[in-house]
Amino acid sequence: MRIDIITVLPELLTGPLTNSIVQRAIEKKVIELQIHPLRNYGIGAYKQVDDYPYGAGGGMVMRCEPLAACIEDLLKLNTYDDVIYMSPDGELFDQSMANQLSMKKNIMIICGHYKGIDQRIRDKYVTREISIGNYVLSGGEIPAAVVCDAIIRLIPGAISDEMSALSDSFQDGLLAPPVYTRPEEWNGMKVPEILLSGNDKAIAEWRLEQSLELTKQRRPDLYKKMD
Ligand code: SAH
């Protein structure tokens, strides 16, 4: 899979996307991830990428020309399954969308800033708009990093124990059961005995019961969907 991200603040992406599982996935060539600084396409001596909004109102709007030039350059090199714009008014991101996106071949992600990007770029190029939640952040970089992290860890080869990603919360419509590691007893608190039993079937049943109970308590909305 190849992911191209267009941003005015590449530094905001390098941290989250050059560590841990994502970094390993890049090194193992499970994915190719390229960050494209929009400033390189800026207008004039100041490499301007934004301007005042028509019709007044506060804030700045990202101009069409730099974005279009960057997008066109990428379109010359690759074909994209989706050109995504991170936006609070987009489809709400969730695990099933992450699963869906992890199966794509190439995606492009545009990070907005200020008041957002000129609507004409959305109309001409964007095929999908994604929000990471009902709140407004200053830029699309953190949302893009969230989406990339969620997608990349699902791609076979990114996580050494592939089963591990499948047993996380939401994958089966349930919250994940509690987990324990050594020591067996800590501060007088013991690991549930069943987990030490070596009985795989009983352990699987216990985990499912715990998942069901937790989901019923914390996420009745998900629990109802199980019926
Ligand atoms: N004026 C816009 C908000 C702009 S916030 C509005 O009210 O909808 C600046 C940029 O941050 C956006 O262009 C978008 O790329 C990003 N952004 C902010 N909150 C986001 C969210 N919840 N999900 C995805 N992207 C978000």
# chains A, B, ... in the order shown; residues from 1 in each chain; ligands from 1
$ residues_around --residues "A:Glu11" --least-positions-apart "3" --cutoff "10 Å" --atoms "only C-alpha atoms" --output "PyMOL selection string"
chain A and resi 7-8+14-16+35+37+141
$ residues_around --residues "A:Tyr85" --least-positions-apart "6" --cutoff "12 Å" --atoms "only C-alpha atoms" --output "PyMOL selection string"
chain A and resi 4-7+67+71+91+107-113+116-119+121-132+139-141+143-144+147
$ closest_residue --among "A:Ser160, A:Ile84, A:Lys104, A:Arg63" --to "A:Arg120" --atoms "only C-alpha atoms"
A:Arg63
$ residues_around --residues "A:Ser169" --least-positions-apart "2" --cutoff "12 Å" --atoms "only C-alpha atoms" --output "ChimeraX atom specification"
/A:94-96,164-167,171-178,208,211-212,214-215,219,222
$ select_by_dssp --residues "stretch 75-207 of chain A" --states "strand (DSSP E or B)" --output "mmCIF file with all heavy atoms, in the first residue's frame"
data_model
loop_
_atom_site.group_PDB
_atom_site.id
_atom_site.type_symbol
_atom_site.label_atom_id
_atom_site.label_comp_id
_atom_site.auth_asym_id
_atom_site.auth_seq_id
_atom_site.Cartn_x
_atom_site.Cartn_y
_atom_site.Cartn_z
ATOM 1 N N ASP A 82 -8.496 6.427 -3.473
ATOM 2 C CA ASP A 82 -9.229 7.516 -2.824
ATOM 3 C C ASP A 82 -8.327 8.718 -2.624
ATOM 4 O O ASP A 82 -7.149 8.564 -2.295
ATOM 5 C CB ASP A 82 -9.751 7.074 -1.440
ATOM 6 C CG ASP A 82 -11.183 6.586 -1.510
ATOM 7 O OD1 ASP A 82 -11.997 7.222 -2.213
ATOM 8 O OD2 ASP A 82 -11.496 5.564 -0.876
ATOM 9 N N VAL A 83 -8.896 9.909 -2.847
ATOM 10 C CA VAL A 83 -8.234 11.161 -2.462
ATOM 11 C C VAL A 83 -9.047 11.679 -1.276
ATOM 12 O O VAL A 83 -10.219 12.039 -1.416
ATOM 13 C CB VAL A 83 -8.219 12.180 -3.622
ATOM 14 C CG1 VAL A 83 -7.636 13.511 -3.153
ATOM 15 C CG2 VAL A 83 -7.419 11.637 -4.803
ATOM 16 N N ILE A 84 -8.411 11.619 -0.122
ATOM 17 C CA ILE A 84 -9.143 11.876 1.125
ATOM 18 C C ILE A 84 -8.836 13.270 1.644
ATOM 19 O O ILE A 84 -7.672 13.689 1.671
ATOM 20 C CB ILE A 84 -8.723 10.827 2.189
ATOM 21 C CG1 ILE A 84 -9.123 9.427 1.721
ATOM 22 C CG2 ILE A 84 -9.337 11.156 3.555
ATOM 23 C CD1 ILE A 84 -8.532 8.295 2.549
ATOM 24 N N TYR A 85 -9.873 13.981 2.065
ATOM 25 C CA TYR A 85 -9.663 15.255 2.763
ATOM 26 C C TYR A 85 -10.101 15.065 4.209
ATOM 27 O O TYR A 85 -11.223 14.626 4.474
ATOM 28 C CB TYR A 85 -10.494 16.362 2.092
ATOM 29 C CG TYR A 85 -10.482 17.679 2.837
ATOM 30 C CD1 TYR A 85 -9.279 18.247 3.277
ATOM 31 C CD2 TYR A 85 -11.664 18.361 3.096
ATOM 32 C CE1 TYR A 85 -9.276 19.444 3.970
ATOM 33 C CE2 TYR A 85 -11.665 19.571 3.781
ATOM 34 C CZ TYR A 85 -10.464 20.103 4.211
ATOM 35 O OH TYR A 85 -10.451 21.291 4.895
ATOM 36 N N MET A 86 -9.186 15.358 5.139
ATOM 37 C CA MET A 86 -9.532 15.264 6.550
ATOM 38 C C MET A 86 -10.384 16.480 6.886
ATOM 39 O O MET A 86 -9.955 17.618 6.661
ATOM 40 C CB MET A 86 -8.266 15.271 7.417
ATOM 41 C CG MET A 86 -7.270 14.153 7.133
ATOM 42 S SD MET A 86 -7.965 12.497 7.078
ATOM 43 C CE MET A 86 -8.792 12.408 8.656
ATOM 44 N N SER A 87 -11.580 16.258 7.434
ATOM 45 C CA SER A 87 -12.473 17.398 7.669
ATOM 46 C C SER A 87 -13.512 17.064 8.740
ATOM 47 O O SER A 87 -14.073 15.961 8.730
ATOM 48 C CB SER A 87 -13.203 17.725 6.365
ATOM 49 O OG SER A 87 -14.013 18.850 6.537
ATOM 50 N N PRO A 88 -13.781 18.017 9.656
ATOM 51 C CA PRO A 88 -14.763 17.727 10.711
ATOM 52 C C PRO A 88 -16.166 17.435 10.167
ATOM 53 O O PRO A 88 -16.977 16.829 10.857
ATOM 54 C CB PRO A 88 -14.789 18.992 11.568
ATOM 55 C CG PRO A 88 -13.733 19.892 11.052
ATOM 56 C CD PRO A 88 -13.181 19.336 9.783
ATOM 57 N N ASP A 89 -16.444 17.856 8.915
ATOM 58 C CA ASP A 89 -17.779 17.562 8.376
ATOM 59 C C ASP A 89 -17.805 16.286 7.531
ATOM 60 O O ASP A 89 -18.763 16.007 6.818
ATOM 61 C CB ASP A 89 -18.340 18.769 7.597
ATOM 62 C CG ASP A 89 -17.482 19.131 6.389
ATOM 63 O OD1 ASP A 89 -16.563 18.356 6.043
ATOM 64 O OD2 ASP A 89 -17.739 20.192 5.781
ATOM 65 N N GLY A 90 -16.719 15.490 7.613
ATOM 66 C CA GLY A 90 -16.678 14.248 6.830
ATOM 67 C C GLY A 90 -17.360 13.085 7.530
ATOM 68 O O GLY A 90 -17.937 13.235 8.609
ATOM 69 N N GLU A 91 -17.262 11.907 6.902
ATOM 70 C CA GLU A 91 -17.779 10.654 7.504
ATOM 71 C C GLU A 91 -16.976 10.376 8.765
ATOM 72 O O GLU A 91 -15.753 10.522 8.759
ATOM 73 C CB GLU A 91 -17.427 9.459 6.608
ATOM 74 C CG GLU A 91 -18.266 9.093 5.486
ATOM 75 C CD GLU A 91 -17.531 7.997 4.676
ATOM 76 O OE1 GLU A 91 -16.724 8.338 3.793
ATOM 77 O OE2 GLU A 91 -17.757 6.805 4.944
ATOM 78 N N LEU A 92 -17.651 9.911 9.802
ATOM 79 C CA LEU A 92 -16.974 9.642 11.067
ATOM 80 C C LEU A 92 -16.099 8.382 10.949
ATOM 81 O O LEU A 92 -16.589 7.326 10.557
ATOM 82 C CB LEU A 92 -18.038 9.465 12.142
ATOM 83 C CG LEU A 92 -17.724 9.972 13.542
ATOM 84 C CD1 LEU A 92 -17.113 11.360 13.543
ATOM 85 C CD2 LEU A 92 -18.976 9.935 14.388
ATOM 86 N N ASN A 106 -3.533 2.494 -3.205
ATOM 87 C CA ASN A 106 -2.930 3.822 -3.034
ATOM 88 C C ASN A 106 -3.969 4.804 -2.519
ATOM 89 O O ASN A 106 -5.064 4.885 -3.077
ATOM 90 C CB ASN A 106 -2.440 4.392 -4.371
ATOM 91 C CG ASN A 106 -1.342 3.565 -4.971
ATOM 92 O OD1 ASN A 106 -0.584 2.918 -4.258
ATOM 93 N ND2 ASN A 106 -1.255 3.576 -6.281
ATOM 94 N N ILE A 107 -3.602 5.562 -1.494
ATOM 95 C CA ILE A 107 -4.489 6.652 -1.086
ATOM 96 C C ILE A 107 -3.690 7.944 -0.911
ATOM 97 O O ILE A 107 -2.514 7.918 -0.568
ATOM 98 C CB ILE A 107 -5.304 6.346 0.197
ATOM 99 C CG1 ILE A 107 -4.400 6.000 1.374
ATOM 100 C CG2 ILE A 107 -6.311 5.248 -0.030
ATOM 101 C CD1 ILE A 107 -5.157 5.871 2.696
ATOM 102 N N MET A 108 -4.387 9.052 -1.177
ATOM 103 C CA MET A 108 -3.794 10.373 -0.973
ATOM 104 C C MET A 108 -4.606 11.031 0.135
ATOM 105 O O MET A 108 -5.837 10.897 0.173
ATOM 106 C CB MET A 108 -3.932 11.182 -2.267
ATOM 107 C CG MET A 108 -3.132 12.486 -2.272
ATOM 108 S SD MET A 108 -3.615 13.598 -3.615
ATOM 109 C CE MET A 108 -3.327 12.656 -5.088
ATOM 110 N N ILE A 109 -3.900 11.707 1.047
ATOM 111 C CA ILE A 109 -4.607 12.381 2.140
ATOM 112 C C ILE A 109 -4.219 13.856 2.138
ATOM 113 O O ILE A 109 -3.025 14.194 2.135
ATOM 114 C CB ILE A 109 -4.258 11.761 3.514
ATOM 115 C CG1 ILE A 109 -4.565 10.262 3.521
ATOM 116 C CG2 ILE A 109 -5.016 12.473 4.627
ATOM 117 C CD1 ILE A 109 -4.298 9.558 4.857
ATOM 118 N N ILE A 110 -5.215 14.736 2.156
ATOM 119 C CA ILE A 110 -4.968 16.182 2.189
ATOM 120 C C ILE A 110 -5.292 16.692 3.593
ATOM 121 O O ILE A 110 -6.393 16.458 4.112
ATOM 122 C CB ILE A 110 -5.861 16.920 1.161
ATOM 123 C CG1 ILE A 110 -5.620 16.357 -0.245
ATOM 124 C CG2 ILE A 110 -5.610 18.425 1.205
ATOM 125 C CD1 ILE A 110 -6.656 16.797 -1.265
ATOM 126 N N HIS A 113 -5.841 23.329 6.918
ATOM 127 C CA HIS A 113 -5.405 24.209 7.999
ATOM 128 C C HIS A 113 -6.279 25.434 7.981
ATOM 129 O O HIS A 113 -7.057 25.627 7.068
ATOM 130 C CB HIS A 113 -3.939 24.608 7.819
ATOM 131 C CG HIS A 113 -3.079 23.953 8.839
ATOM 132 N ND1 HIS A 113 -2.866 24.480 10.082
ATOM 133 C CD2 HIS A 113 -2.433 22.768 8.820
ATOM 134 C CE1 HIS A 113 -2.108 23.657 10.765
ATOM 135 N NE2 HIS A 113 -1.831 22.610 10.025
ATOM 136 N N ILE A 117 -9.818 24.108 3.289
ATOM 137 C CA ILE A 117 -9.340 24.307 1.912
ATOM 138 C C ILE A 117 -10.473 24.842 1.040
ATOM 139 O O ILE A 117 -11.654 24.610 1.324
ATOM 140 C CB ILE A 117 -8.759 23.002 1.310
ATOM 141 C CG1 ILE A 117 -9.834 21.920 1.116
ATOM 142 C CG2 ILE A 117 -7.627 22.466 2.192
ATOM 143 C CD1 ILE A 117 -9.327 20.671 0.398
ATOM 144 N N ARG A 128 -13.310 11.342 -0.905
ATOM 145 C CA ARG A 128 -13.799 10.891 0.402
ATOM 146 C C ARG A 128 -13.377 11.888 1.460
ATOM 147 O O ARG A 128 -12.238 12.364 1.436
ATOM 148 C CB ARG A 128 -13.148 9.542 0.673
ATOM 149 C CG ARG A 128 -13.621 8.878 1.889
ATOM 150 C CD ARG A 128 -13.388 7.414 1.791
ATOM 151 N NE ARG A 128 -14.308 6.757 2.668
ATOM 152 C CZ ARG A 128 -14.464 5.461 2.758
ATOM 153 N NH1 ARG A 128 -13.773 4.660 2.009
ATOM 154 N NH2 ARG A 128 -15.335 4.957 3.609
ATOM 155 N N GLU A 129 -14.282 12.218 2.381
ATOM 156 C CA GLU A 129 -13.947 13.165 3.437
ATOM 157 C C GLU A 129 -14.146 12.469 4.774
ATOM 158 O O GLU A 129 -15.183 11.847 5.010
ATOM 159 C CB GLU A 129 -14.816 14.408 3.311
ATOM 160 C CG GLU A 129 -14.602 15.024 1.931
ATOM 161 C CD GLU A 129 -15.247 16.373 1.724
ATOM 162 O OE1 GLU A 129 -16.380 16.582 2.196
ATOM 163 O OE2 GLU A 129 -14.604 17.211 1.081
ATOM 164 N N ILE A 130 -13.117 12.557 5.619
ATOM 165 C CA ILE A 130 -13.153 11.792 6.872
ATOM 166 C C ILE A 130 -12.931 12.705 8.064
ATOM 167 O O ILE A 130 -12.015 13.525 8.072
ATOM 168 C CB ILE A 130 -12.062 10.691 6.865
ATOM 169 C CG1 ILE A 130 -12.281 9.730 5.701
ATOM 170 C CG2 ILE A 130 -12.054 9.936 8.194
ATOM 171 C CD1 ILE A 130 -11.218 8.642 5.574
ATOM 172 N N SER A 131 -13.785 12.525 9.084
ATOM 173 C CA SER A 131 -13.629 13.227 10.358
ATOM 174 C C SER A 131 -13.196 12.208 11.399
ATOM 175 O O SER A 131 -13.653 11.065 11.386
ATOM 176 C CB SER A 131 -14.982 13.818 10.767
ATOM 177 O OG SER A 131 -14.949 14.164 12.138
ATOM 178 N N GLY A 139 -5.492 21.486 12.608
ATOM 179 C CA GLY A 139 -5.044 21.059 11.286
ATOM 180 C C GLY A 139 -5.366 19.599 11.045
ATOM 181 O O GLY A 139 -5.711 18.862 11.971
ATOM 182 N N GLU A 185 0.959 -12.267 40.980
ATOM 183 C CA GLU A 185 0.291 -11.529 42.058
ATOM 184 C C GLU A 185 1.005 -10.204 42.243
ATOM 185 O O GLU A 185 2.245 -10.159 42.312
ATOM 186 C CB GLU A 185 0.334 -12.335 43.367
ATOM 187 C CG GLU A 185 -0.482 -11.644 44.435
ATOM 188 C CD GLU A 185 -0.603 -12.471 45.711
ATOM 189 O OE1 GLU A 185 -0.501 -13.710 45.643
ATOM 190 O OE2 GLU A 185 -0.789 -11.857 46.769
ATOM 191 N N TRP A 186 0.242 -9.133 42.295
ATOM 192 C CA TRP A 186 0.827 -7.798 42.459
ATOM 193 C C TRP A 186 -0.037 -7.024 43.448
ATOM 194 O O TRP A 186 -1.250 -6.955 43.266
ATOM 195 C CB TRP A 186 0.884 -7.081 41.103
ATOM 196 C CG TRP A 186 1.326 -5.658 41.207
ATOM 197 C CD1 TRP A 186 2.599 -5.212 41.371
ATOM 198 C CD2 TRP A 186 0.490 -4.506 41.192
ATOM 199 N NE1 TRP A 186 2.610 -3.848 41.450
ATOM 200 C CE2 TRP A 186 1.333 -3.387 41.346
ATOM 201 C CE3 TRP A 186 -0.895 -4.313 41.066
ATOM 202 C CZ2 TRP A 186 0.831 -2.083 41.388
ATOM 203 C CZ3 TRP A 186 -1.375 -3.017 41.092
ATOM 204 C CH2 TRP A 186 -0.517 -1.907 41.257
ATOM 205 N N MET A 189 -3.160 -8.451 44.427
ATOM 206 C CA MET A 189 -4.169 -8.672 43.372
ATOM 207 C C MET A 189 -3.678 -9.762 42.435
ATOM 208 O O MET A 189 -2.560 -9.681 41.901
ATOM 209 C CB MET A 189 -4.395 -7.372 42.581
ATOM 210 C CG MET A 189 -4.923 -6.245 43.443
ATOM 211 S SD MET A 189 -4.512 -4.633 42.717
ATOM 212 C CE MET A 189 -5.885 -4.466 41.606
ATOM 213 N N LYS A 190 -4.557 -10.786 42.245
ATOM 214 C CA LYS A 190 -4.132 -11.953 41.470
ATOM 215 C C LYS A 190 -4.674 -11.910 40.037
ATOM 216 O O LYS A 190 -5.778 -11.401 39.801
ATOM 217 C CB LYS A 190 -4.639 -13.225 42.147
ATOM 218 C CG LYS A 190 -3.871 -13.535 43.399
ATOM 219 C CD LYS A 190 -4.273 -14.889 43.944
ATOM 220 C CE LYS A 190 -3.428 -15.211 45.169
ATOM 221 N NZ LYS A 190 -4.099 -16.154 46.047
#
$ residues_around --residues "A:Pro53" --least-positions-apart "5" --cutoff "9 Å" --atoms "only C-alpha atoms" --output "number ranges by chain"
A: 58-61, 115, 118
$ residues_around --residues "A:Lys47" --least-positions-apart "3" --cutoff "12 Å" --atoms "only C-alpha atoms" --output "list in words"
Val8, Pro37, Leu38, Arg39, Asn40, Tyr41, Gly42, Ile43, Gly44, Asp50, Asp51, Arg63, Glu65 and Pro66 of chain A
$ select_by_dssp --residues "stretch 132-210 of chain A" --states "alpha helix (DSSP H)" --output "PyMOL selection string"
chain A and resi 141-152+162-166+200-210
